Every structure is written in structure tokens, then in C-alpha cells.
file data-v9.cif (mmCIF, C-alpha atoms and all ligand atoms)
data_start
#
loop_
_atom_site.label_atom_id
_atom_site.label_comp_id
_atom_site.auth_asym_id
_atom_site.auth_seq_id
_atom_site.Cartn_x
_atom_site.Cartn_y
_atom_site.Cartn_z
CA MET U 1 7.56 -21.16 -6.03
CA GLU U 2 10.43 -23.49 -6.79
CA GLN U 3 13.90 -22.14 -6.00
CA LYS U 4 15.25 -23.36 -9.35
CA LYS U 5 12.66 -21.31 -11.22
CA LEU U 6 13.32 -18.24 -9.07
CA TYR U 7 17.06 -18.45 -9.67
CA ALA U 8 16.42 -18.78 -13.41
CA ILE U 9 14.23 -15.66 -13.32
CA ALA U 10 16.80 -13.77 -11.24
CA SER U 11 19.49 -14.58 -13.81
CA HIS U 12 17.84 -12.11 -16.21
CA PHE U 13 18.55 -9.11 -13.96
CA ILE U 14 21.82 -7.22 -13.50
CA PHE U 15 22.61 -8.07 -9.89
CA ASP U 16 25.89 -7.45 -8.15
CA GLY U 17 27.15 -10.98 -7.54
CA GLU U 18 25.75 -14.47 -7.61
CA VAL U 19 22.30 -15.21 -6.17
CA VAL U 20 22.76 -17.36 -3.06
CA GLU U 21 19.34 -17.07 -1.41
CA CYS U 22 15.76 -16.20 -2.35
CA VAL U 23 13.09 -16.06 0.37
CA PRO U 24 9.46 -14.87 0.46
CA PHE U 25 9.31 -11.43 2.03
CA GLY U 26 6.83 -8.94 3.53
CA ASN U 27 3.09 -8.98 4.15
CA GLY U 28 1.66 -7.48 0.96
CA HIS U 29 -1.74 -8.78 -0.17
CA ILE U 30 -1.11 -8.51 -3.90
CA ASN U 31 2.26 -9.30 -5.47
CA ASP U 32 4.64 -12.22 -4.81
CA THR U 33 7.63 -10.63 -3.12
CA TYR U 34 11.04 -12.24 -2.46
CA ARG U 35 14.24 -11.02 -0.91
CA LEU U 36 17.31 -12.04 -2.85
CA THR U 37 20.80 -12.25 -1.45
CA CYS U 38 23.67 -11.93 -3.89
CA ARG U 39 27.30 -12.60 -3.05
CA ARG U 40 30.27 -11.44 -5.00
CA THR U 41 32.32 -14.49 -5.81
CA GLY U 42 35.94 -14.61 -4.64
CA GLU U 43 35.41 -11.98 -1.91
CA GLU U 44 35.83 -12.71 1.77
CA LYS U 45 32.80 -12.08 4.02
CA GLN U 46 33.36 -8.74 5.72
CA GLU U 47 32.33 -7.48 9.14
CA PRO U 48 28.57 -6.78 9.36
CA GLN U 49 27.25 -3.21 9.13
CA GLY U 50 25.04 -1.67 11.81
CA GLN U 51 22.28 -2.99 14.07
CA GLY U 52 19.33 -2.58 11.73
CA ALA U 53 19.47 -5.88 9.92
CA ARG U 54 19.42 -7.75 13.23
CA LYS U 55 16.22 -5.99 14.27
CA GLN U 56 14.41 -7.09 11.10
CA GLY U 57 15.51 -10.69 11.56
CA ILE U 58 17.55 -10.45 8.37
CA PRO U 59 21.03 -11.96 8.28
CA GLU U 60 23.41 -9.06 8.65
CA GLN U 61 24.61 -7.53 5.44
CA SER U 62 28.28 -7.81 4.68
CA THR U 63 29.94 -5.57 2.13
CA ALA U 64 30.44 -8.67 -0.03
CA GLN U 65 26.74 -9.40 -0.17
CA LYS U 66 23.79 -7.42 -1.34
CA HIS U 67 20.03 -7.81 -1.07
CA TYR U 68 17.41 -7.10 -3.69
CA ILE U 69 13.64 -7.33 -3.92
CA LEU U 70 12.32 -9.61 -6.66
CA GLN U 71 8.58 -9.34 -7.35
CA LYS U 72 6.11 -11.12 -9.54
CA LEU U 73 3.31 -8.75 -10.46
CA ASN U 74 -0.19 -9.99 -9.84
CA ARG U 75 -1.71 -10.20 -13.33
CA ASN U 76 -5.17 -10.88 -11.97
CA VAL U 77 -5.07 -7.51 -10.21
CA PHE U 78 -3.04 -5.66 -12.84
CA PRO U 79 -4.29 -6.78 -16.25
CA ARG U 80 -1.80 -4.49 -18.05
CA PRO U 81 1.48 -5.00 -16.15
CA GLU U 82 3.53 -3.11 -18.73
CA GLU U 83 1.50 0.00 -17.89
CA VAL U 84 2.21 -0.51 -14.19
CA MET U 85 5.91 -0.67 -15.00
CA GLU U 86 5.77 2.49 -17.11
CA ASN U 87 4.12 4.32 -14.23
CA VAL U 88 6.63 3.02 -11.68
CA SER U 89 9.55 3.93 -13.91
CA GLY U 90 8.19 7.42 -14.65
CA VAL U 91 7.40 8.18 -11.02
CA THR U 92 10.68 6.86 -9.60
CA GLU U 93 12.73 8.80 -12.18
CA TRP U 94 10.78 11.94 -11.29
CA LEU U 95 11.31 11.37 -7.57
CA LYS U 96 15.03 10.81 -8.10
CA LYS U 97 15.37 14.27 -9.66
CA LYS U 98 13.47 15.87 -6.79
CA ILE U 99 15.49 13.97 -4.16
CA LEU U 100 18.76 15.05 -5.80
CA GLU U 101 17.59 18.68 -5.89
CA ASN U 102 16.90 18.41 -2.15
CA GLY U 103 20.32 16.86 -1.49
CA GLY U 104 18.81 13.49 -0.51
CA ASP U 105 19.94 9.89 -0.99
CA VAL U 106 18.33 8.45 -4.12
CA SER U 107 19.23 4.87 -3.21
CA ARG U 108 17.12 4.98 -0.02
CA GLU U 109 14.48 7.65 -0.53
CA THR U 110 12.80 6.10 -3.55
CA LEU U 111 12.45 2.68 -5.10
CA ASN U 112 15.16 1.94 -7.68
CA LEU U 113 14.37 -0.52 -10.45
CA VAL U 114 17.11 -2.96 -11.41
CA HIS U 115 17.34 -3.46 -15.19
CA THR U 116 17.54 -6.75 -17.03
CA HIS U 117 20.56 -7.71 -19.15
CA ASP U 118 18.70 -6.58 -22.24
CA GLY U 119 18.04 -3.16 -20.73
CA SER U 120 14.40 -3.66 -19.82
CA ILE U 121 12.68 -2.67 -16.55
CA CYS U 122 11.02 -6.06 -16.19
CA TYR U 123 11.35 -9.64 -17.33
CA VAL U 124 8.46 -11.55 -18.84
CA ASP U 125 8.85 -15.30 -18.20
CA PRO U 126 7.75 -18.05 -20.61
CA GLU U 127 4.37 -18.23 -18.80
CA GLY U 128 3.78 -14.54 -19.47
CA GLU U 129 4.36 -13.51 -15.83
CA TYR U 130 5.94 -10.10 -15.23
CA TRP U 131 8.92 -9.87 -12.87
CA ARG U 132 10.74 -6.81 -11.61
CA ALA U 133 13.56 -6.15 -9.18
CA TYR U 134 14.35 -3.27 -6.84
CA LEU U 135 17.37 -2.30 -4.80
CA PHE U 136 16.69 -3.47 -1.25
CA ILE U 137 16.37 -0.62 1.24
CA GLU U 138 18.62 -1.73 4.07
CA ASN U 139 18.36 -0.88 7.76
CA ALA U 140 14.75 0.15 7.42
CA THR U 141 11.49 -1.50 8.52
CA THR U 142 7.88 -1.68 7.37
CA TYR U 143 5.35 -2.00 10.21
CA ASP U 144 1.96 -3.71 10.13
CA LEU U 145 0.74 -2.01 13.28
CA VAL U 146 1.73 1.27 14.89
CA GLU U 147 4.27 0.44 17.60
CA LYS U 148 5.36 4.02 18.31
CA ASP U 149 3.32 7.21 17.81
CA GLU U 150 6.33 8.79 16.15
CA ASP U 151 6.32 6.15 13.39
CA PHE U 152 2.73 6.98 12.51
CA TYR U 153 3.50 10.69 12.48
CA GLN U 154 6.46 9.95 10.21
CA SER U 155 4.24 7.96 7.84
CA ALA U 156 1.84 10.91 7.61
CA VAL U 157 4.62 13.34 6.78
CA VAL U 158 6.17 11.08 4.16
CA PHE U 159 2.82 10.40 2.42
CA GLY U 160 1.99 14.12 2.51
CA ASN U 161 5.41 14.90 1.07
CA PHE U 162 4.99 12.25 -1.60
CA GLN U 163 1.86 14.03 -2.82
CA ARG U 164 3.73 17.33 -2.77
CA LEU U 165 6.72 16.00 -4.73
CA LEU U 166 4.31 14.73 -7.41
CA ALA U 167 2.16 17.87 -7.49
CA ASP U 168 3.56 18.97 -10.87
CA TYR U 169 4.01 15.46 -12.31
CA PRO U 170 2.49 15.20 -15.82
CA ALA U 171 -0.62 13.35 -14.66
CA SER U 172 -1.88 12.72 -18.20
CA THR U 173 1.11 10.38 -18.78
CA LEU U 174 0.01 8.07 -15.98
CA HIS U 175 -1.92 4.93 -16.90
CA GLU U 176 -4.98 3.94 -14.89
CA THR U 177 -3.48 0.65 -13.67
CA ILE U 178 -6.73 -0.47 -12.04
CA GLU U 179 -9.86 1.10 -13.46
CA ASN U 180 -12.18 2.79 -10.98
CA PHE U 181 -9.81 1.89 -8.16
CA HIS U 182 -11.30 4.29 -5.60
CA ASN U 183 -14.64 4.75 -7.34
CA THR U 184 -16.74 3.73 -4.35
CA PRO U 185 -20.12 3.66 -6.16
CA ASP U 186 -18.51 1.29 -8.67
CA ARG U 187 -17.18 -0.86 -5.81
CA PHE U 188 -20.74 -0.99 -4.48
CA ARG U 189 -22.08 -2.12 -7.88
CA LYS U 190 -19.44 -4.86 -8.02
CA PHE U 191 -20.44 -5.96 -4.53
CA GLU U 192 -24.09 -6.17 -5.62
CA ALA U 193 -23.11 -8.23 -8.67
CA ALA U 194 -21.07 -10.62 -6.51
CA LEU U 195 -23.99 -10.95 -4.13
CA GLU U 196 -26.40 -11.65 -6.96
CA MET U 197 -24.04 -14.32 -8.29
CA ASP U 198 -23.21 -15.75 -4.85
CA ALA U 199 -20.68 -18.03 -6.55
CA CYS U 200 -19.67 -19.86 -3.36
CA GLY U 201 -23.04 -19.90 -1.61
CA ARG U 202 -21.66 -17.69 1.16
CA ALA U 203 -24.27 -14.90 1.18
CA ALA U 204 -26.73 -16.71 3.46
CA GLY U 205 -24.13 -16.87 6.23
CA ILE U 206 -23.50 -13.13 6.44
CA PRO U 207 -26.85 -11.30 6.81
CA GLU U 208 -25.50 -8.65 9.22
CA GLU U 209 -22.61 -7.65 6.99
CA LEU U 210 -24.92 -7.44 3.97
CA ARG U 211 -27.33 -5.23 5.89
CA PHE U 212 -24.47 -2.99 7.08
CA VAL U 213 -23.36 -2.38 3.49
CA ARG U 214 -26.86 -1.89 2.05
CA GLU U 215 -27.79 0.62 4.76
CA ARG U 216 -24.88 2.81 3.67
CA ARG U 217 -25.48 2.86 -0.05
CA ASP U 218 -25.74 6.68 -0.09
CA LEU U 219 -22.40 7.04 1.68
CA THR U 220 -20.62 5.61 -1.36
CA HIS U 221 -21.29 8.82 -3.34
CA VAL U 222 -20.04 11.48 -0.95
CA LEU U 223 -16.62 12.02 -2.52
CA SER U 224 -17.38 11.10 -6.13
CA ASP U 225 -20.25 13.62 -6.28
CA LYS U 226 -17.94 16.39 -5.05
CA LEU U 227 -15.24 15.34 -7.50
CA ASP U 228 -17.74 15.31 -10.39
CA ALA U 229 -18.97 18.76 -9.36
CA GLY U 230 -15.42 20.10 -9.53
CA LEU U 231 -15.30 20.85 -5.80
CA LEU U 232 -12.23 18.71 -5.09
CA PRO U 233 -8.89 18.87 -6.95
CA LEU U 234 -7.64 15.79 -8.80
CA ARG U 235 -4.02 15.20 -7.77
CA VAL U 236 -1.39 12.53 -8.36
CA THR U 237 -1.90 10.26 -5.38
CA HIS U 238 -0.49 6.97 -4.10
CA ASN U 239 -3.87 5.33 -3.45
CA ASP U 240 -2.57 2.54 -1.20
CA THR U 241 -1.19 4.37 1.81
CA LYS U 242 -0.97 1.56 4.31
CA LEU U 243 1.64 1.82 7.01
CA ASN U 244 3.44 -1.18 5.49
CA ASN U 245 3.91 0.72 2.25
CA ILE U 246 6.56 3.00 3.75
CA MET U 247 9.98 2.26 5.16
CA ILE U 248 11.22 3.71 8.43
CA ASP U 249 14.97 4.06 9.00
CA ASN U 250 16.06 1.84 11.89
CA GLU U 251 18.72 4.27 13.08
CA THR U 252 17.06 7.68 12.72
CA GLY U 253 13.40 6.65 13.09
CA LYS U 254 12.56 8.83 10.06
CA ALA U 255 10.25 7.60 7.31
CA ILE U 256 12.57 7.51 4.35
CA CYS U 257 10.74 5.94 1.45
CA VAL U 258 7.26 5.40 0.04
CA ILE U 259 7.06 1.99 -1.64
CA ASP U 260 4.41 -0.03 -3.52
CA LEU U 261 3.89 2.45 -6.34
CA ASP U 262 1.63 0.23 -8.48
CA THR U 263 -1.46 2.31 -7.84
CA VAL U 264 0.01 5.81 -8.25
CA MET U 265 -2.68 7.48 -10.37
CA PRO U 266 -4.68 10.68 -10.43
CA GLY U 267 -6.91 10.65 -7.35
CA LEU U 268 -8.06 12.58 -4.31
CA SER U 269 -5.84 13.53 -1.38
CA LEU U 270 -8.70 12.16 0.71
CA TYR U 271 -8.05 8.66 -0.61
CA ASP U 272 -4.49 8.77 0.69
CA PHE U 273 -5.44 10.32 4.00
CA GLY U 274 -8.40 7.98 4.47
CA ASP U 275 -6.58 4.78 3.64
CA SER U 276 -3.82 5.57 6.13
CA ILE U 277 -6.34 6.16 8.90
CA ARG U 278 -8.22 2.98 8.00
CA PHE U 279 -5.12 0.88 8.52
CA GLY U 280 -2.87 2.78 10.92
CA ALA U 281 -5.32 4.40 13.36
CA SER U 282 -7.03 1.08 14.00
CA THR U 283 -6.29 -0.39 17.41
CA ALA U 284 -6.13 -3.90 15.94
CA ALA U 285 -4.83 -5.81 12.95
CA GLU U 286 -6.79 -5.67 9.71
CA ASP U 287 -7.84 -9.33 10.13
CA GLU U 288 -8.45 -9.33 13.90
CA ARG U 289 -11.23 -11.73 14.83
CA ASP U 290 -11.99 -10.28 18.25
CA LEU U 291 -13.95 -7.17 17.26
CA GLU U 292 -13.86 -5.91 20.86
CA LYS U 293 -10.27 -4.98 20.11
CA VAL U 294 -11.11 -2.94 17.00
CA SER U 295 -11.66 0.81 17.17
CA CYS U 296 -10.39 4.00 15.59
CA SER U 297 -7.92 5.62 17.97
CA LEU U 298 -8.54 9.37 18.05
CA HIS U 299 -5.07 9.76 19.48
CA LEU U 300 -3.49 8.12 16.43
CA TYR U 301 -5.92 9.94 14.14
CA GLU U 302 -4.78 13.27 15.55
CA ILE U 303 -1.12 12.37 15.07
CA TYR U 304 -1.79 11.54 11.43
CA VAL U 305 -3.85 14.67 10.79
CA LYS U 306 -1.01 16.84 12.07
CA GLY U 307 1.67 15.01 10.04
CA PHE U 308 -0.33 14.83 6.81
CA ILE U 309 -1.31 18.51 6.83
CA GLU U 310 2.36 19.41 7.46
CA GLY U 311 3.60 16.96 4.81
CA CYS U 312 1.24 18.41 2.18
CA GLY U 313 2.86 21.78 2.90
CA GLY U 314 -0.26 23.94 2.93
CA ALA U 315 -1.52 22.58 -0.39
CA LEU U 316 -4.82 21.17 0.90
CA THR U 317 -7.88 23.26 0.05
CA ASP U 318 -10.64 24.11 2.55
CA ALA U 319 -12.93 21.57 0.88
CA GLU U 320 -10.29 18.86 1.27
CA LEU U 321 -9.65 19.73 4.90
CA ASP U 322 -13.40 19.74 5.62
CA LEU U 323 -13.70 16.25 4.14
CA LEU U 324 -10.67 14.54 5.73
CA PRO U 325 -12.82 12.71 8.34
CA MET U 326 -15.26 11.63 5.64
CA GLY U 327 -12.30 10.39 3.58
CA ALA U 328 -11.34 8.12 6.48
CA ILE U 329 -14.87 6.73 6.80
CA LEU U 330 -15.30 6.24 3.09
CA MET U 331 -11.96 4.56 2.42
CA THR U 332 -12.61 2.18 5.32
CA PHE U 333 -16.11 1.40 4.07
CA GLU U 334 -14.83 0.91 0.52
CA CYS U 335 -12.10 -1.47 1.67
CA GLY U 336 -14.66 -3.42 3.71
CA ILE U 337 -16.87 -3.71 0.63
CA ARG U 338 -13.87 -4.94 -1.37
CA PHE U 339 -12.96 -7.61 1.20
CA LEU U 340 -16.60 -8.74 1.40
CA THR U 341 -16.91 -8.87 -2.40
CA ASP U 342 -13.78 -10.99 -2.58
CA TYR U 343 -15.15 -13.29 0.12
CA LEU U 344 -18.38 -13.71 -1.87
CA GLU U 345 -16.45 -14.35 -5.09
CA GLY U 346 -14.17 -16.99 -3.53
CA ASP U 347 -11.05 -15.03 -2.46
CA HIS U 348 -9.49 -14.42 -5.86
CA TYR U 349 -8.14 -10.91 -5.26
CA PHE U 350 -6.58 -10.50 -1.81
CA LYS U 351 -4.18 -13.20 -0.68
CA ILE U 352 -5.55 -15.24 2.21
CA HIS U 353 -3.64 -17.41 4.66
CA ARG U 354 -6.68 -19.00 6.30
CA GLU U 355 -10.32 -19.72 5.51
CA GLY U 356 -12.61 -16.75 6.16
CA GLN U 357 -9.78 -14.20 6.35
CA ASN U 358 -11.43 -11.83 3.89
CA LEU U 359 -14.65 -11.96 5.89
CA ASP U 360 -12.69 -11.19 9.06
CA ARG U 361 -11.04 -8.29 7.25
CA ALA U 362 -14.42 -6.98 6.09
CA ARG U 363 -15.75 -7.19 9.65
CA THR U 364 -12.91 -5.13 11.12
CA GLN U 365 -13.49 -2.47 8.46
CA PHE U 366 -17.23 -2.26 9.22
CA CYS U 367 -16.48 -2.12 12.92
CA LEU U 368 -14.14 0.82 12.27
CA VAL U 369 -16.75 2.56 10.08
CA ALA U 370 -19.37 2.29 12.84
CA ASP U 371 -16.88 3.63 15.38
CA MET U 372 -15.81 6.53 13.15
CA GLU U 373 -19.44 7.45 12.47
CA LYS U 374 -19.88 7.90 16.23
CA LYS U 375 -16.62 9.85 16.51
CA LEU U 376 -17.21 12.10 13.48
CA PRO U 377 -17.72 15.33 15.49
CA GLN U 378 -14.41 14.81 17.34
CA MET U 379 -12.65 13.89 14.10
CA LYS U 380 -13.80 17.17 12.54
CA GLU U 381 -12.78 19.14 15.61
CA ILE U 382 -9.28 17.63 15.48
CA VAL U 383 -8.82 18.70 11.83
CA ASN U 384 -9.94 22.23 12.75
CA ARG U 385 -7.21 22.37 15.38
CA TYR U 386 -4.46 21.82 12.80
CA ARG U 387 -5.69 23.63 9.68
P1 LIG Y 1 2.27 -5.66 -2.32
O1 LIG Y 1 1.77 -4.88 -3.49
O2 LIG Y 1 1.99 -7.10 -2.42
O3 LIG Y 1 1.80 -5.04 -1.04
P2 LIG Y 1 4.85 -4.37 -1.84
O4 LIG Y 1 5.47 -3.72 -3.02
O5 LIG Y 1 4.18 -3.49 -0.86
O6 LIG Y 1 3.87 -5.52 -2.37
O7 LIG Y 1 5.98 -5.23 -1.12
C1 LIG Y 1 5.68 -6.11 -0.05
C2 LIG Y 1 6.63 -5.86 1.12
O8 LIG Y 1 8.00 -6.06 0.69
C3 LIG Y 1 6.61 -4.44 1.67
O9 LIG Y 1 5.58 -4.26 2.61
C4 LIG Y 1 8.00 -4.33 2.28
O10 LIG Y 1 8.04 -4.94 3.57
C5 LIG Y 1 8.87 -5.17 1.35
N1 LIG Y 1 9.58 -4.33 0.34
C6 LIG Y 1 9.08 -3.94 -0.87
N2 LIG Y 1 9.99 -3.22 -1.55
C7 LIG Y 1 11.11 -3.14 -0.76
C8 LIG Y 1 12.42 -2.56 -0.90
N3 LIG Y 1 12.78 -1.91 -2.03
N4 LIG Y 1 13.31 -2.71 0.11
C9 LIG Y 1 12.98 -3.41 1.23
N5 LIG Y 1 11.77 -3.99 1.43
C10 LIG Y 1 10.83 -3.86 0.45
C1 LIG Y 2 -3.80 -4.15 -0.95
O1 LIG Y 2 -0.81 -4.29 -1.96
P1 LIG Y 2 -1.14 -3.98 -0.55
O2 LIG Y 2 -1.17 -5.17 0.34
O3 LIG Y 2 -0.23 -2.87 -0.07
C2 LIG Y 2 -4.66 -3.38 -1.95
C3 LIG Y 2 -5.15 -2.10 -1.29
C4 LIG Y 2 -5.98 -2.43 -0.06
C5 LIG Y 2 -5.09 -3.25 0.88
C6 LIG Y 2 -5.86 -3.72 2.09
C7 LIG Y 2 -3.52 -2.98 -5.52
O4 LIG Y 2 -2.65 -3.39 -0.60
O5 LIG Y 2 -5.99 -1.39 -2.21
O6 LIG Y 2 -6.41 -1.26 0.60
O7 LIG Y 2 -4.56 -4.41 0.22
N1 LIG Y 2 -3.88 -3.07 -3.15
C8 LIG Y 2 -4.42 -3.26 -4.37
O8 LIG Y 2 -4.98 -4.15 3.04
O9 LIG Y 2 -5.58 -3.63 -4.54
MG MG Y 3 2.19 -3.21 -0.19
#
call {"tool": "encode", "arguments": {"input": "data-v9.cif", "output": "C-alpha cells", "more": "lines below"}}
Ligand code: ADP
Ligand code: GN1
Ligand code: MG
result
Amino acid sequence: MEQKKLYAIASHFIFDGEVVECVPFGNGHINDTYRLTCRRTGEEKQEPQGQGARKQGIPEQSTAQKHYILQKLNRNVFPRPEEVMENVSGVTEWLKKKILENGGDVSRETLNLVHTHDGSICYVDPEGEYWRAYLFIENATTYDLVEKDEDFYQSAVVFGNFQRLLADYPASTLHETIENFHNTPDRFRKFEAALEMDACGRAAGIPEELRFVRERRDLTHVLSDKLDAGLLPLRVTHNDTKLNNIMIDNETGKAICVIDLDTVMPGLSLYDFGDSIRFGASTAAEDERDLEKVSCSLHLYEIYVKGFIEGCGGALTDAELDLLPMGAILMTFECGIRFLTDYLEGDHYFKIHREGQNLDRARTQFCLVADMEKKLPQMKEIVNRYR
């Protein structure tokens, strides 16, 4: 997007200083994210603070300059952006109270929305696009692959804690920002519809993937049937617990903040557990083309199991604990179905940076599902060791 337009949009928010830079930031698949640099006019540039900024490849922060996140919400994905913003505002205000009670640092342990000059939590531009801004969490990193075991353990604890901090949140006030988000049978139906339509003529080229999905039709029901039967508790969950949706402090190595709150909705703890395993316990990137490199690491799985059970603070029921491995399989399968559906429909949902990327993503997910199916007995045994 043009710099001039971005600066005009930024001018609607209450930032500390004048905007001097705006660059695309992060590896999210959904929203358009920028990092803004603001400088206070008339102030000398001070000595830089700390080592962290250097590690992230970010120009070091001086006390006279401040970073922010500016994001354009994806209206294709979130048809009611104002509801997303109400959820984000409600959840972050709630978290702030809890963090204060625990003696924490509200500016780093939760997202903080920056208001507009007219006191709103977002700005709607003349084209009807929704923009929001957050304080930038400095000296912290989001990872796309596990580099250190400890980071993955930290992510498990922080996601478990997140669920615990929201355990008594008034769930009925939350909007369903994406309907049927983790309703796997519904995802399967949408896949079948996309296949039937075959809008881009791509179905003929992917017989193996189509067979893989069709063979597992019954799998799609395993969690929803239990939920419908009242055997699993509905909780307030994050629903998008990828490793790159948390920030790890560069100095202490602790996971400090859960970000990307657009999908916080009532859901199953198994969604959050499963989605983290899908992404973080994989031995390769989500879009790896060499499937020889893709497997579910039982070592990383075990680290996450331990951290998540601890982070949830004893709240998980026996039924939830029994189903953790199935949660991992199902969330991976569901995500694979979603990538494949998007490939069939012409890549309208997930951002792609090259042709065929959604198909590559679907393939890694199916490879992980097949691997986890083989490893299911060990995955169950590992949970039993920590419950
Ligand atoms: P998406 O929904 O597209 O995944 P995210 O909200 O996850 O968007 O943001 C994309 C990336 O931007 C994150 O993975 C993270 O690297 C970075 N990011 C988001 N919010 C902040 C923040 N408050 N401080 C620092 N970095 C952030
Ligand atoms: C998207 O927004 P991001 O990149 O953190 C998606 C998740 C998928 C994930 C796959 C709102 O997450 O559901 O699991 O991509 N978010 C939405 O990488 O659809
Ligand atoms: Mg994200």
C-alpha cells in the first residue's frame, strides 16, 4: 500500500510523535500488518536501549522514538470487523485487570489498543476498511519455527495461562467473529462444495489429496459429537494458537504476551492445544515442499503437553486430557482441509506469496496427520505421564 495513504490513515490515531516510517511487518496470513515508527519532534536521538531490537533486525529504539503496530483488518475473513474490535477491546481490558492483580506489566503482557483522535478503537477509511493500532511490544520476538525447546514450552504455558485468565470471562458477550470457525464437519462440507464447483479447474491435478480427505470423513466429527453430547466443556479459547501468535521476551526468554486476538471465542481447549501442536511440533515449515522433512516431533509434543497442562492450572477435565492427541490430529486435518479448499477456490482466504503455496500447506498438514495417526499410542502415553 502507498506510503502516503498509510501516513494519512496513521494520522487518525493518537501516536506519540510524528510518523517517520511505516513498513510491512510479520508473517501473519490474514491481516495487513505494518510497523510504524514515530519520532517526537524537537528531541535529540538518545542512546539505544538494550540488545533485543538488534536481534529482530529492527532499528534500535531510542527514547525519542516509539514503534506501533498498524493493522488493516481482513474484511473478507472478518465480515463484521466492528464485532472483532469489540471482542479485542473486551478481552484486552479484562486481561489488563488480571495482569494488574498479579503485579504484571500491562504494556507488555497484553495487546494495548491505541485510540483514534475521536476516541474510537479503530478507524474506518473512506473505502470502508477497518484499521487499528497497538502499542508495539519491544524487545520481544515471534518465531515461525521452534528454535529452542524452551520457547515451545513457554508458548504452551502462556496459551494455557491465557485460557485460565479468561475462564470466568462473560462468554455470552463475545461475538462469533467467524461462524463455525473450528466446526470441522462444516469445514468438510465447504471443502466438498469447493470441489463440486472446482472454480479454477484444479481438482483433477490433486487426486491423492482428495482421496486423503475423503477417507477421513468420519474423523471430522470426533470432537463436535462429544461437544454436542455435553462431554466437553465450552471455554473461552484463543482458537489460533500458532507459535507466531505469542511474543517471547528477548532478555528473559519468557513468553510474555498472547497476540492475534481476532478469533477469541467460546471453543474447546482441544482446539488451542491441537493448533499449537499442528504448527509448533512440526519438524518443518507449514509450507515446506520437501515432505521428507515433515513429521510430528514427539519430543516437541511432550514439551508442549507438559507446559499446556501446567499453564491450564489443573483445569482440564479427564475427557479433555484423554482427547488431547485427537485434538492435535483433528486441528491439523481441519487446517489441511481449509488450505485445500482455498486452493480449489483460487486462494482468496490465506495470503500466498507464490503459486501453489496453499496446496503445499495442505500437503504438509496431511503428512502430519498421517504421521500422528501412526504415533497416536505414544501421544496418548505422553499425556498420561503428565496428567
Ligand atoms: P495475522 O492475523 O495476520 O496473523 P497478527 O495480529 O498475528 O496478524 O500480526 C502479525 C505479526 O505482527 C505477528 O506475528 C507479530 O510478529 C507482529 N505483531 C502483532 N502485534 C504486535 C505487537 N503488539 N507488538 C509487536 N509485534 C506485533
Ligand atoms: C491463520 O492469522 P494467522 O496467520 O495467525 C488463520 C488460522 C490458521 C493459520 C494457518 C483468522 O492464522 O486459523 O490456522 O492461518 N487465522 C484465521 O497458518 O483464519
Ligand atoms: Mg497471527
call {"tool": "closest_residue", "arguments": {"input": "data-v9.cif", "among": "U:Glu251, U:Glu150, U:Glu310, U:Asp32", "to": "ligand LIG 1 (chain Y)", "atoms": "only C-alpha atoms and all ligand atoms"}}
result
U:Asp32
call {"tool": "atom_distance", "arguments": {"input": "data-v9.cif", "atom1": "CA of Lys242 (chain U)", "atom2": "CA of Cys312 (chain U)"}}
result
17.1 Å
call {"tool": "residues_near_ligand", "arguments": {"input": "data-v9.cif", "ligand": "ligand LIG 2 (chain Y)", "cutoff": "6 Å", "atoms": "all atoms listed in the file", "output": "number ranges by chain"}}
result
U: 28-30, 240, 245, 335
call {"tool": "atom_distance", "arguments": {"input": "data-v9.cif", "atom1": "CA of Gly160 (chain U)", "atom2": "CA of Phe308 (chain U)"}}
result
4.9 Å
call {"tool": "atom_distance", "arguments": {"input": "data-v9.cif", "atom1": "CA of Tyr68 (chain U)", "atom2": "CA of Ser155 (chain U)"}}
result
23.1 Å
call {"tool": "closest_residue", "arguments": {"input": "data-v9.cif", "among": "U:Arg132, U:His238, U:Arg75, U:Lys97", "to": "ligand MG 3 (chain Y)", "atoms": "all atoms listed in the file"}}
result
U:His238
call {"tool": "residues_near_ligand", "arguments": {"input": "data-v9.cif", "ligand": "ligand MG 3 (chain Y)", "cutoff": "12 Å", "atoms": "only C-alpha atoms and all ligand atoms", "output": "PyMOL selection string"}}
result
chain U and resi 25-33+71+73+142-144+238-247+258-263+350-351
call {"tool": "closest_residue", "arguments": {"input": "data-v9.cif", "among": "U:Met372, U:Ile137, U:Leu95, U:Leu231", "to": "Ser282 (chain U)", "atoms": "only C-alpha atoms"}}
result
U:Met372
call {"tool": "residues_around", "arguments": {"input": "data-v9.cif", "residues": "region 248-250 of chain U", "least_positions_apart": "5", "cutoff": "8 Å", "atoms": "all atoms listed in the file", "output": "list of chain:residue names"}}
result
U:Gly52, U:Asn139, U:Ala140, U:Thr141, U:Thr142, U:Asp151, U:Ala255, U:Ile256, U:Cys257
call {"tool": "axis_aligned_box", "arguments": {"input": "data-v9.cif", "around": "ligand LIG 1 (chain Y)", "padding_each_side": "8 Å", "output": "AutoDock Vina command-line options"}}
result
--center_x 7.5 --center_y -4.5 --center_z 0.0 --size_x 27.5 --size_y 21.2 --size_z 23.1
call {"tool": "closest_residue", "arguments": {"input": "data-v9.cif", "among": "U:Glu179, U:Val264, U:Val157, U:Glu82", "to": "ligand LIG 1 (chain Y)", "atoms": "all atoms listed in the file"}}
result
U:Val264
call {"tool": "residues_around", "arguments": {"input": "data-v9.cif", "residues": "Trp131 (chain U)", "least_positions_apart": "3", "cutoff": "9 Å", "atoms": "all atoms listed in the file", "output": "list in words"}}
result
Ile9, Ala10, Leu70, Gln71, Lys72, Leu73, Ile121, Cys122, Tyr123, Val124 and Asp125 of chain U
call {"tool": "closest_residue", "arguments": {"input": "data-v9.cif", "among": "U:Trp94, U:Phe78, U:Phe152, U:Phe339", "to": "Ala167 (chain U)", "atoms": "all atoms listed in the file"}}
result
U:Trp94
call {"tool": "residues_near_point", "arguments": {"input": "data-v9.cif", "point": "(8.8, 7.7, -14.6)", "cutoff": "12 Å", "atoms": "all atoms listed in the file", "output": "PyMOL selection string"}}
result
chain U and resi 83-97+110-113+121+166+169-171+173-175+261+264
call {"tool": "closest_residue", "arguments": {"input": "data-v9.cif", "among": "U:Phe366, U:Tyr153, U:Phe162, U:Tyr304", "to": "Lys254 (chain U)", "atoms": "only C-alpha atoms"}}
result
U:Tyr153
call {"tool": "residues_near_point", "arguments": {"input": "data-v9.cif", "point": "(-12.2, 17.2, 2.8)", "cutoff": "10 Å", "atoms": "only C-alpha atoms", "output": "PyMOL selection string"}}
result
chain U and resi 223+226+231-232+268-270+273+316-328+380+383
call {"tool": "residues_around", "arguments": {"input": "data-v9.cif", "residues": "Glu334 (chain U)", "least_positions_apart": "3", "cutoff": "9 Å", "atoms": "all atoms listed in the file", "output": "JSON, numbers by chain"}}
result
{"U": [182, 183, 184, 185, 187, 188, 220, 329, 330, 331, 337, 338, 339, 365]}
